[in-house]
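Text of work.cif (mmCIF, C-alpha atoms) as supplied:
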data_query
#
loop_
_atom_site.group_PDB
_atom_site.id
_atom_site.type_symbol
_atom_site.label_atom_id
_atom_site.label_comp_id
_atom_site.auth_asym_id
_atom_site.auth_seq_id
_atom_site.Cartn_x
_atom_site.Cartn_y
_atom_site.Cartn_z
ATOM 1 C CA MET L 442 0.000 0.000 0.000
ATOM 2 C CA TYR L 443 1.079 3.552 -0.595
ATOM 3 C CA SER L 444 0.391 6.376 1.923
ATOM 4 C CA LEU L 445 0.269 10.004 0.930
ATOM 5 C CA PRO L 446 -0.224 12.515 3.818
ATOM 6 C CA GLN L 447 -2.754 15.254 3.227
ATOM 7 C CA HIS L 448 -1.862 18.910 3.510
ATOM 8 C CA LYS L 449 -2.255 20.313 7.007
ATOM 9 C CA HIS L 450 -4.036 23.356 5.716
ATOM 10 C CA THR L 451 -6.938 23.157 3.385
ATOM 11 C CA PRO L 452 -7.029 26.225 1.149
ATOM 12 C CA ASN L 453 -10.216 28.246 0.894
ATOM 13 C CA LEU L 454 -10.548 30.378 -2.192
ATOM 14 C CA HIS L 455 -12.341 33.701 -2.124
ATOM 15 C CA HIS L 456 -12.954 35.169 -5.525
ATOM 16 C CA LYS L 457 -13.567 38.812 -6.085
ATOM 17 C CA VAL L 458 -14.627 39.582 -9.595
ATOM 18 C CA CYS L 459 -14.658 43.105 -10.981
ATOM 19 C CA LYS L 460 -16.819 43.439 -14.008
ATOM 20 C CA ASN L 461 -17.759 46.301 -16.272
ATOM 21 C CA SER L 462 -21.230 46.275 -17.694
ATOM 22 C CA SER L 463 -19.980 47.469 -21.043
ATOM 23 C CA PRO L 464 -18.892 44.664 -23.407
ATOM 24 C CA PHE L 465 -16.351 46.997 -24.992
ATOM 25 C CA HIS L 466 -14.142 47.449 -21.943
ATOM 26 C CA PRO L 467 -11.847 44.838 -20.438
ATOM 27 C CA PHE L 468 -12.422 43.469 -16.947
ATOM 28 C CA ARG L 469 -10.073 42.291 -14.235
ATOM 29 C CA VAL L 470 -10.356 39.254 -11.932
ATOM 30 C CA CYS L 471 -8.680 39.451 -8.519
ATOM 31 C CA CYS L 472 -8.155 36.271 -6.461
ATOM 32 C CA SER L 473 -6.987 35.946 -2.864
ATOM 33 C CA THR L 474 -6.373 32.828 -0.772
ATOM 34 C CA THR L 475 -6.414 32.163 2.933
ATOM 35 C CA SER L 476 -5.628 28.986 4.791
ATOM 36 C CA THR L 477 -7.693 27.544 7.624
ATOM 37 C CA PRO L 478 -5.897 25.018 9.804
ATOM 38 C CA LYS L 479 -7.544 21.691 10.468
ATOM 39 C CA SER L 480 -6.623 19.050 12.966
ATOM 40 C CA ASN L 481 -6.970 15.295 13.207
ATOM 41 C CA VAL L 482 -6.694 14.823 9.469
ATOM 42 C CA LYS L 483 -6.113 11.194 8.494
ATOM 43 C CA PRO L 484 -3.587 10.430 5.783
ATOM 44 C CA LEU L 485 -4.887 9.578 2.321
ATOM 45 C CA VAL L 486 -4.340 5.898 1.631
ATOM 46 C CA ILE L 487 -4.189 4.482 -1.904
ATOM 47 C CA GLU L 488 -4.614 0.721 -2.164
ATOM 48 C CA PRO L 489 -3.645 -1.125 -5.363
ATOM 49 C CA ARG L 490 -6.566 -2.868 -7.005
ATOM 50 C CA PHE L 491 -6.055 -6.244 -8.676
ATOM 51 C CA VAL L 492 -7.653 -6.416 -12.108
ATOM 52 C CA PRO L 493 -7.655 -9.949 -13.528
ATOM 53 C CA VAL L 494 -6.461 -10.269 -17.114
ATOM 54 C CA VAL L 495 -8.854 -12.423 -19.130
ATOM 55 C CA PRO L 496 -6.939 -14.298 -21.849
ATOM 56 C CA ARG L 497 -8.278 -14.134 -25.394
ATOM 57 C CA VAL L 498 -9.983 -17.335 -26.391
ATOM 58 C CA ILE L 499 -8.270 -18.757 -29.463
ATOM 59 C CA THR L 500 -10.360 -21.145 -31.483
ATOM 60 C CA THR L 501 -9.126 -23.996 -33.626
ATOM 61 C CA ILE L 502 -9.746 -21.888 -36.709
ATOM 62 C CA ASP L 503 -7.626 -19.030 -35.302
ATOM 63 C CA GLU L 504 -4.811 -21.452 -34.567
ATOM 64 C CA HIS L 505 -4.812 -22.629 -38.183
ATOM 65 C CA ARG L 506 -4.986 -19.169 -39.718
ATOM 66 C CA PRO L 507 -2.404 -19.168 -42.516
ATOM 67 C CA ILE L 508 0.322 -16.556 -42.572
ATOM 68 C CA ASN L 509 2.865 -15.441 -45.098
ATOM 69 C CA LYS L 510 5.672 -17.984 -45.604
ATOM 70 C CA ASP L 511 3.698 -20.560 -43.632
ATOM 71 C CA THR L 512 5.667 -23.819 -43.612
ATOM 72 C CA ASP L 513 2.381 -25.718 -43.947
ATOM 73 C CA LEU L 514 2.103 -24.304 -47.469
ATOM 74 C CA GLN L 515 5.624 -25.260 -48.524
ATOM 75 C CA SER L 516 6.693 -28.478 -50.215
ATOM 76 C CA THR L 517 8.948 -30.988 -48.500
ATOM 77 C CA TRP L 518 11.192 -33.592 -50.100
ATOM 78 C CA SER L 519 8.630 -36.218 -49.147
ATOM 79 C CA HIS L 520 5.931 -34.287 -51.029
ATOM 80 C CA ARG L 521 8.149 -33.984 -54.091
ATOM 81 C CA ALA L 522 8.993 -37.673 -53.990
ATOM 82 C CA TRP L 523 5.336 -38.728 -53.924
ATOM 83 C CA VAL L 524 4.434 -36.391 -56.786
ATOM 84 C CA THR L 525 7.348 -37.751 -58.812
ATOM 85 C CA ILE L 526 6.246 -41.341 -58.171
ATOM 86 C CA GLY L 527 2.643 -40.453 -58.977
ATOM 87 C CA CYS L 528 3.595 -38.820 -62.286
ATOM 88 C CA THR L 529 5.778 -41.796 -63.159
ATOM 89 C CA THR L 530 2.846 -44.117 -62.485
ATOM 90 C CA LEU L 531 0.626 -42.078 -64.809
ATOM 91 C CA LEU L 532 3.254 -42.159 -67.559
ATOM 92 C CA ILE L 533 3.535 -45.942 -67.248
ATOM 93 C CA SER L 534 -0.230 -46.322 -67.568
ATOM 94 C CA LEU L 535 -0.516 -43.987 -70.546
ATOM 95 C CA GLY L 536 2.551 -45.571 -72.125
ATOM 96 C CA GLU L 537 0.965 -49.028 -71.858
ATOM 97 C CA SER L 538 -2.163 -47.661 -73.527
ATOM 98 C CA ILE L 539 -0.238 -46.140 -76.422
ATOM 99 C CA LYS L 540 1.937 -49.231 -76.827
ATOM 100 C CA GLY L 541 -1.096 -51.524 -76.840
ATOM 101 C CA ALA L 542 -2.885 -49.305 -79.345
ATOM 102 C CA MET L 543 0.125 -49.373 -81.662
ATOM 103 C CA ASP L 544 0.550 -53.161 -81.402
ATOM 104 C CA SER L 545 -3.121 -53.836 -82.107
ATOM 105 C CA ASN L 546 -3.561 -50.908 -84.511
ATOM 106 C CA MET L 547 -6.563 -49.833 -82.419
ATOM 107 C CA TRP L 548 -6.830 -46.120 -81.687
ATOM 108 C CA VAL L 549 -10.488 -45.142 -81.516
ATOM 109 C CA GLU L 550 -11.402 -47.234 -78.476
ATOM 110 C CA PRO L 551 -8.501 -46.040 -76.264
ATOM 111 C CA ILE L 552 -9.252 -42.409 -77.211
ATOM 112 C CA ILE L 553 -12.936 -42.808 -76.322
ATOM 113 C CA ALA L 554 -11.978 -44.533 -73.077
ATOM 114 C CA SER L 555 -9.636 -41.652 -72.246
ATOM 115 C CA TRP L 556 -12.401 -39.123 -72.923
ATOM 116 C CA VAL L 557 -14.791 -41.063 -70.670
ATOM 117 C CA GLY L 558 -12.117 -41.076 -67.972
ATOM 118 C CA TYR L 559 -11.778 -37.285 -68.242
ATOM 119 C CA ILE L 560 -15.564 -36.799 -67.962
ATOM 120 C CA LEU L 561 -15.965 -39.168 -65.022
ATOM 121 C CA ALA L 562 -13.002 -37.625 -63.197
ATOM 122 C CA ASP L 563 -14.920 -34.346 -63.076
ATOM 123 C CA LEU L 564 -17.992 -36.119 -61.709
ATOM 124 C CA GLY L 565 -15.883 -37.967 -59.137
ATOM 125 C CA SER L 566 -14.259 -34.740 -57.969
ATOM 126 C CA GLY L 567 -17.706 -33.215 -57.461
ATOM 127 C CA VAL L 568 -19.078 -36.144 -55.472
ATOM 128 C CA TYR L 569 -15.991 -36.293 -53.263
ATOM 129 C CA HIS L 570 -15.954 -32.514 -52.771
ATOM 130 C CA TRP L 571 -19.653 -32.522 -51.829
ATOM 131 C CA ALA L 572 -19.119 -35.355 -49.338
ATOM 132 C CA ILE L 573 -16.233 -33.806 -47.410
ATOM 133 C CA ASP L 574 -17.834 -30.354 -47.464
ATOM 134 C CA ASN L 575 -20.995 -31.640 -45.815
ATOM 135 C CA TYR L 576 -20.137 -34.653 -43.687
ATOM 136 C CA GLY L 577 -17.562 -35.645 -41.106
ATOM 137 C CA ASP L 578 -14.947 -33.616 -39.269
ATOM 138 C CA GLY L 579 -11.281 -33.657 -38.376
ATOM 139 C CA SER L 580 -11.686 -36.893 -36.390
ATOM 140 C CA THR L 581 -13.154 -38.843 -39.322
ATOM 141 C CA PRO L 582 -10.899 -41.832 -40.148
ATOM 142 C CA VAL L 583 -8.731 -41.654 -43.290
ATOM 143 C CA VAL L 584 -10.189 -38.388 -44.684
ATOM 144 C CA GLY L 585 -10.414 -36.310 -41.493
ATOM 145 C CA ALA L 586 -7.417 -34.156 -42.379
ATOM 146 C CA GLN L 587 -8.880 -33.419 -45.830
ATOM 147 C CA ILE L 588 -12.254 -32.501 -44.324
ATOM 148 C CA GLU L 589 -10.569 -30.055 -41.957
ATOM 149 C CA ALA L 590 -8.444 -28.660 -44.786
ATOM 150 C CA PHE L 591 -11.453 -28.060 -47.029
ATOM 151 C CA GLN L 592 -13.312 -26.277 -44.225
ATOM 152 C CA GLY L 593 -10.280 -24.077 -43.693
ATOM 153 C CA HIS L 594 -10.202 -23.499 -47.450
ATOM 154 C CA HIS L 595 -13.680 -21.959 -47.262
ATOM 155 C CA LYS L 596 -12.376 -19.570 -44.602
ATOM 156 C CA TRP L 597 -9.191 -18.635 -46.465
ATOM 157 C CA PRO L 598 -9.685 -19.681 -50.130
ATOM 158 C CA TRP L 599 -6.819 -17.482 -51.326
ATOM 159 C CA THR L 600 -4.218 -19.624 -49.522
ATOM 160 C CA ILE L 601 -4.471 -22.358 -52.151
ATOM 161 C CA THR L 602 -2.739 -19.996 -54.585
ATOM 162 C CA ARG L 603 0.191 -19.776 -52.160
ATOM 163 C CA ARG L 604 0.442 -23.515 -51.618
ATOM 164 C CA GLU L 605 3.435 -24.953 -53.437
ATOM 165 C CA PHE L 606 2.879 -27.456 -56.234
ATOM 166 C CA ALA L 607 4.044 -30.668 -54.532
ATOM 167 C CA ASN L 608 2.448 -29.656 -51.239
ATOM 168 C CA ASN L 609 -0.873 -29.310 -53.049
ATOM 169 C CA LEU L 610 -0.709 -32.636 -54.902
ATOM 170 C CA HIS L 611 1.215 -35.089 -52.736
ATOM 171 C CA ALA L 612 -1.804 -36.662 -50.993
ATOM 172 C CA LEU L 613 -3.576 -37.420 -54.286
ATOM 173 C CA ALA L 614 -0.296 -38.572 -55.846
ATOM 174 C CA ARG L 615 0.132 -41.109 -53.066
ATOM 175 C CA ALA L 616 -3.423 -42.419 -53.547
ATOM 176 C CA VAL L 617 -2.921 -42.654 -57.326
ATOM 177 C CA THR L 618 0.354 -44.529 -56.886
ATOM 178 C CA PHE L 619 -1.143 -47.249 -54.695
ATOM 179 C CA THR L 620 -4.237 -47.579 -56.886
ATOM 180 C CA VAL L 621 -2.925 -47.263 -60.423
ATOM 181 C CA LEU L 622 0.553 -48.790 -60.237
ATOM 182 C CA PRO L 623 -0.690 -52.404 -59.863
ATOM 183 C CA ILE L 624 -3.065 -51.887 -62.803
ATOM 184 C CA ALA L 625 -0.283 -50.385 -64.893
ATOM 185 C CA ILE L 626 2.007 -53.337 -64.159
ATOM 186 C CA PHE L 627 -0.384 -56.255 -64.569
ATOM 187 C CA CYS L 628 -2.925 -54.996 -67.120
ATOM 188 C CA HIS L 629 -1.927 -54.481 -70.761
ATOM 189 C CA ASP L 630 -5.308 -53.654 -72.272
ATOM 190 C CA PRO L 631 -4.930 -50.284 -74.079
ATOM 191 C CA ILE L 632 -8.588 -49.383 -73.475
ATOM 192 C CA VAL L 633 -8.374 -49.972 -69.725
ATOM 193 C CA GLN L 634 -5.037 -48.217 -69.483
ATOM 194 C CA GLY L 635 -6.346 -45.236 -71.476
ATOM 195 C CA PHE L 636 -9.292 -44.856 -69.139
ATOM 196 C CA VAL L 637 -7.284 -45.377 -65.938
ATOM 197 C CA GLY L 638 -4.384 -43.148 -66.981
ATOM 198 C CA VAL L 639 -6.500 -40.122 -67.947
ATOM 199 C CA CYS L 640 -9.058 -40.481 -65.155
ATOM 200 C CA SER L 641 -6.464 -40.865 -62.406
ATOM 201 C CA GLY L 642 -4.321 -38.121 -63.923
ATOM 202 C CA CYS L 643 -7.234 -35.639 -63.847
ATOM 203 C CA ILE L 644 -8.003 -36.626 -60.267
ATOM 204 C CA MET L 645 -4.387 -36.252 -59.181
ATOM 205 C CA PHE L 646 -4.065 -32.805 -60.786
ATOM 206 C CA SER L 647 -7.564 -31.668 -59.790
ATOM 207 C CA GLN L 648 -6.148 -29.753 -56.840
ATOM 208 C CA GLN L 649 -3.905 -27.807 -59.210
ATOM 209 C CA PHE L 650 -6.904 -27.072 -61.459
ATOM 210 C CA HIS L 651 -8.653 -25.960 -58.284
ATOM 211 C CA ALA L 652 -5.768 -23.639 -57.388
ATOM 212 C CA TRP L 653 -5.815 -22.103 -60.870
ATOM 213 C CA ALA L 654 -9.558 -21.471 -60.464
ATOM 214 C CA HIS L 655 -8.666 -19.210 -57.534
ATOM 215 C CA GLY L 656 -5.941 -17.369 -59.409
ATOM 216 C CA THR L 657 -6.234 -14.010 -61.108
ATOM 217 C CA LYS L 658 -6.214 -13.935 -64.879
ATOM 218 C CA SER L 659 -3.170 -11.659 -65.064
ATOM 219 C CA ARG L 660 -1.063 -14.074 -62.989
ATOM 220 C CA LEU L 661 -2.045 -17.332 -64.698
ATOM 221 C CA PRO L 662 -0.168 -18.796 -67.678
ATOM 222 C CA PRO L 663 -1.916 -17.901 -70.969
ATOM 223 C CA LEU L 664 -2.417 -21.600 -71.774
ATOM 224 C CA VAL L 665 -4.243 -22.152 -68.453
ATOM 225 C CA VAL L 666 -6.485 -19.141 -69.099
ATOM 226 C CA ALA L 667 -7.291 -20.468 -72.567
ATOM 227 C CA LEU L 668 -8.171 -23.915 -71.194
ATOM 228 C CA GLN L 669 -10.401 -22.334 -68.548
ATOM 229 C CA GLU L 670 -12.206 -20.136 -71.052
ATOM 230 C CA THR L 671 -12.833 -23.052 -73.435
ATOM 231 C CA GLY L 672 -14.196 -25.239 -70.621
ATOM 232 C CA VAL L 673 -11.387 -27.809 -70.609
ATOM 233 C CA LEU L 674 -10.536 -26.778 -67.041
ATOM 234 C CA VAL L 675 -12.940 -25.423 -64.428
ATOM 235 C CA SER L 676 -13.296 -21.679 -64.887
ATOM 236 C CA ARG L 677 -12.625 -19.030 -62.266
ATOM 237 C CA SER L 678 -16.147 -17.576 -62.449
ATOM 238 C CA GLN L 679 -17.809 -20.976 -62.136
ATOM 239 C CA HIS L 680 -15.824 -22.007 -59.088
ATOM 240 C CA ALA L 681 -16.248 -18.580 -57.486
ATOM 241 C CA ALA L 682 -19.974 -19.367 -57.225
ATOM 242 C CA HIS L 683 -19.119 -22.271 -54.930
ATOM 243 C CA HIS L 684 -17.571 -19.859 -52.428
ATOM 244 C CA ARG L 685 -20.719 -17.748 -52.149
ATOM 245 C CA PRO L 686 -23.788 -18.582 -49.996
ATOM 246 C CA PRO L 687 -25.400 -21.069 -49.756
ATOM 247 C CA TYR L 688 -22.167 -23.000 -50.524
ATOM 248 C CA ASN L 689 -24.049 -25.972 -52.002
ATOM 249 C CA ASN L 690 -23.309 -25.854 -55.725
ATOM 250 C CA ASN L 691 -20.514 -26.065 -58.319
ATOM 251 C CA TYR L 692 -18.651 -28.829 -56.504
ATOM 252 C CA CYS L 693 -16.823 -30.257 -59.552
ATOM 253 C CA ILE L 694 -13.255 -28.974 -59.927
ATOM 254 C CA VAL L 695 -11.736 -30.726 -62.961
ATOM 255 C CA SER L 696 -13.590 -29.225 -65.908
ATOM 256 C CA GLY L 697 -16.852 -28.232 -64.207
ATOM 257 C CA VAL L 698 -18.804 -29.835 -67.055
ATOM 258 C CA TRP L 699 -21.103 -31.611 -64.586
ATOM 259 C CA ASN L 700 -21.884 -28.609 -62.393
ATOM 260 C CA GLU L 701 -24.824 -27.246 -64.353
ATOM 261 C CA PHE L 702 -26.512 -30.638 -64.664
ATOM 262 C CA LEU L 703 -26.005 -31.591 -61.001
ATOM 263 C CA ASP L 704 -27.208 -28.222 -59.689
ATOM 264 C CA LYS L 705 -30.150 -27.876 -62.073
ATOM 265 C CA HIS L 706 -31.516 -31.315 -61.223
ATOM 266 C CA LYS L 707 -30.666 -30.963 -57.505
ATOM 267 C CA VAL L 708 -28.805 -34.261 -57.494
ATOM 268 C CA PHE L 709 -26.823 -33.525 -54.352
ATOM 269 C CA GLU L 710 -29.901 -32.264 -52.525
ATOM 270 C CA ALA L 711 -31.655 -35.541 -53.341
ATOM 271 C CA MET L 712 -28.652 -37.506 -52.040
ATOM 272 C CA GLU L 713 -28.714 -35.434 -48.856
ATOM 273 C CA MET L 714 -32.386 -36.231 -48.300
ATOM 274 C CA VAL L 715 -31.759 -39.962 -48.793
ATOM 275 C CA LEU L 716 -28.870 -39.934 -46.329
ATOM 276 C CA TYR L 717 -30.900 -37.939 -43.823
ATOM 277 C CA PHE L 718 -33.840 -40.356 -43.862
ATOM 278 C CA LYS L 719 -31.499 -43.357 -43.725
ATOM 279 C CA THR L 720 -29.067 -42.131 -41.070
ATOM 280 C CA GLY L 721 -30.548 -38.986 -39.522
ATOM 281 C CA ILE L 722 -27.385 -37.021 -40.327
ATOM 282 C CA ARG L 723 -27.922 -33.472 -41.571
ATOM 283 C CA PRO L 724 -25.437 -32.024 -44.074
ATOM 284 C CA ARG L 725 -23.664 -28.783 -43.237
ATOM 285 C CA SER L 726 -25.337 -27.054 -46.194
ATOM 286 C CA TRP L 727 -28.725 -27.222 -44.395
ATOM 287 C CA THR L 728 -27.641 -24.901 -41.610
ATOM 288 C CA GLU L 729 -26.376 -21.348 -41.456
ATOM 289 C CA PRO L 730 -22.685 -21.148 -42.316
ATOM 290 C CA ALA L 731 -20.470 -21.651 -39.267
ATOM 291 C CA PRO L 732 -17.724 -19.064 -38.583
ATOM 292 C CA GLU L 733 -15.130 -21.307 -40.240
ATOM 293 C CA TRP L 734 -17.130 -21.127 -43.479
ATOM 294 C CA ILE L 735 -17.289 -17.337 -43.636
ATOM 295 C CA GLU L 736 -14.612 -16.157 -45.994
ATOM 296 C CA GLU L 737 -11.950 -13.920 -44.501
ATOM 297 C CA ILE L 738 -10.556 -11.279 -46.807
ATOM 298 C CA GLU L 739 -6.892 -11.615 -47.655
ATOM 299 C CA THR L 740 -4.660 -9.109 -45.895
ATOM 300 C CA SER L 741 -1.062 -8.141 -46.396
ATOM 301 C CA SER L 742 -0.152 -9.686 -43.046
#
Structure re-expressed in structure tokens:
Amino acid sequence: MYSLPQHKHTPNLHHKVCKNSSPFHPFRVCCSTTSTPKSNVKPLVIEPRFVPVVPRVITTIDEHRPINKDTDLQSTWSHRAWVTIGCTTLLISLGESIKGAMDSNMWVEPIIASWVGYILADLGSGVYHWAIDNYGDGSTPVVGAQIEAFQGHHKWPWTITRREFANNLHALARAVTFTVLPIAIFCHDPIVQGFVGVCSGCIMFSQQFHAWAHGTKSRLPPLVVALQETGVLVSRSQHAAHHRPPYNNNYCIVSGVWNEFLDKHKVFEAMEMVLYFKTGIRPRSWTEPAPEWIEEIETSS
């Protein structure tokens, strides 16, 4: 505690004011002071007051807020290795298809199979995207990390443009390697290999197509912009609609060719109703967007 003694004499102020009724003449104020002694005055005591500091509550979303030069967005040697193995697997599959087509002098069927693989890869990306956007959480087995990542992506969609290439693709490259490599080694049918090679290739690179859909036209390679504008890759405007309320459309991220059909015929809404009546689980798209779904504007920090 701190003790400050009071003055022994408390000043009394007597003011004598001399005024002139005319507003055009100055006036003078005279002040005089006298002191009146007082006894038995107790000292003034100042006691420190404890003010508790309430810590700011940091949510899981705040903890995962991306920052510039975030190591989570950078590629590691493990990421690069898996992408290299995945690309090698795709080349083996496509090479087997071309070799088989040359040996059998059969080109039309492998080309059609490749085109079907490209179309179905877009549909598959939409179904998978819809599923992890609406069901499960970070504790879901196998895909929990992807579910959490996609929810964070809705909060900070611009971070995907900062994610390095191998960092963005390594998880899909690993899945493609384990799935496609046995087929590429043991199957020599050019039609099957054409379908598998193109379909798995589009799925593996779908995250890069997704990243380009978030890029600005001036920063994208001219070839990518041309492919987006011709509908070969999902366009920026089409995917931007997915990041606006109610967040329940335009799920496909390869070419986006299925988006109009799926949204117009409410295919995903019908699937949600079936799952709800079968399991009682409501999709996230039926409720108001949670804070982690509200997009945060990119800042320079």
key: Nearest to Ile694 of chain L by atom-to-atom distance, counting only C-alpha atoms, from L:Asp544, L:Asp563, L:Glu589, L:Glu713   =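 Closest to Ile694 of chain L of all the choices is L:Asp563.
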Explicit residues for the PyMOL selection byres ((chain L and resi 701) around 12) (as a PyMOL selection string) = chain L and resi 564+567+679-680+682+690-693+696-700+702-709
Pick from L:Pro582, L:Val621, L:Asn575, L:Ile644 nearest to Ile722 of chain L, counting only C-alpha atoms =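 Closest candidate: L:Asn575.
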query = Hey, can you check how far atom CA of Gly577 of chain L sits from atom CA of Cys640 of chain L?
reply =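 Atom CA of Cys640 of chain L lies 26.0 Å from atom CA of Gly577 of chain L.
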message = One number please: atom CA of Ser676 of chain L to atom CA of Ser659 of chain L, in Å, one decimal.
response = 14.2 Å
inquiry  = What's the separation between atom CA of Arg603 of chain L and atom CA of Gln649 of chain L, in Å to one decimal place?
reply    =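 Taking atom CA of Arg603 of chain L and atom CA of Gln649 of chain L, their separation equals 11.4 Å.
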ask   = Got a sec: who's within 9 Å of Ser641 of chain L, counting only C-alpha atoms, leaving out chain neighbours fewer than 4 positions off, as a list of chain:residue names?
value =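 With the cut-off at 9 Å, the set is L:Leu531, L:Gly558, L:Tyr559, L:Ala562, L:Val617, L:Thr620, L:Val621, L:Phe636, L:Val637, L:Met645, L:Phe646.
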ask   = L:Gln669, L:Gly536, L:Tyr569, L:Tyr576: which is nearest Tyr717 of chain L, counting all atoms listed in the file?
value =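 Using all atoms listed in the file, Tyr717 of chain L sits closest to L:Tyr576.
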Can you give me N, CA and C atoms for segment 603-615 of chain L, written as a JSON list (two decimals), keeping the file's coordinate frame?
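The resulting file, selection22.json, is shown below:
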[["chain", "number", "residue", "atom", "x", "y", "z"],
["L", 603, "ARG", "N", -1.14, -19.88, -52.75],
["L", 603, "ARG", "CA", 0.19, -19.78, -52.16],
["L", 603, "ARG", "C", 0.78, -21.15, -51.85],
["L", 604, "ARG", "N", -0.04, -22.17, -51.92],
["L", 604, "ARG", "CA", 0.44, -23.52, -51.62],
["L", 604, "ARG", "C", 1.34, -24.00, -52.75],
["L", 605, "GLU", "N", 2.50, -24.51, -52.41],
["L", 605, "GLU", "CA", 3.44, -24.95, -53.44],
["L", 605, "GLU", "C", 2.92, -26.22, -54.13],
["L", 606, "PHE", "N", 3.41, -26.43, -55.34],
["L", 606, "PHE", "CA", 2.88, -27.46, -56.23],
["L", 606, "PHE", "C", 2.85, -28.84, -55.58],
["L", 607, "ALA", "N", 3.98, -29.32, -55.11],
["L", 607, "ALA", "CA", 4.04, -30.67, -54.53],
["L", 607, "ALA", "C", 3.25, -30.76, -53.23],
["L", 608, "ASN", "N", 3.25, -29.69, -52.46],
["L", 608, "ASN", "CA", 2.45, -29.66, -51.24],
["L", 608, "ASN", "C", 0.97, -29.83, -51.55],
["L", 609, "ASN", "N", 0.54, -29.26, -52.66],
["L", 609, "ASN", "CA", -0.87, -29.31, -53.05],
["L", 609, "ASN", "C", -1.29, -30.67, -53.59],
["L", 610, "LEU", "N", -0.35, -31.41, -54.19],
["L", 610, "LEU", "CA", -0.71, -32.64, -54.90],
["L", 610, "LEU", "C", -0.25, -33.93, -54.24],
["L", 611, "HIS", "N", 0.57, -33.86, -53.22],
["L", 611, "HIS", "CA", 1.22, -35.09, -52.74],
["L", 611, "HIS", "C", 0.22, -36.12, -52.21],
["L", 612, "ALA", "N", -0.85, -35.69, -51.55],
["L", 612, "ALA", "CA", -1.80, -36.66, -50.99],
["L", 612, "ALA", "C", -2.50, -37.44, -52.11],
["L", 613, "LEU", "N", -2.93, -36.74, -53.16],
["L", 613, "LEU", "CA", -3.58, -37.42, -54.29],
["L", 613, "LEU", "C", -2.57, -38.26, -55.06],
["L", 614, "ALA", "N", -1.33, -37.79, -55.15],
["L", 614, "ALA", "CA", -0.30, -38.57, -55.85],
["L", 614, "ALA", "C", -0.05, -39.89, -55.14],
["L", 615, "ARG", "N", -0.07, -39.87, -53.82],
["L", 615, "ARG", "CA", 0.13, -41.11, -53.07],
["L", 615, "ARG", "C", -1.03, -42.08, -53.30]]
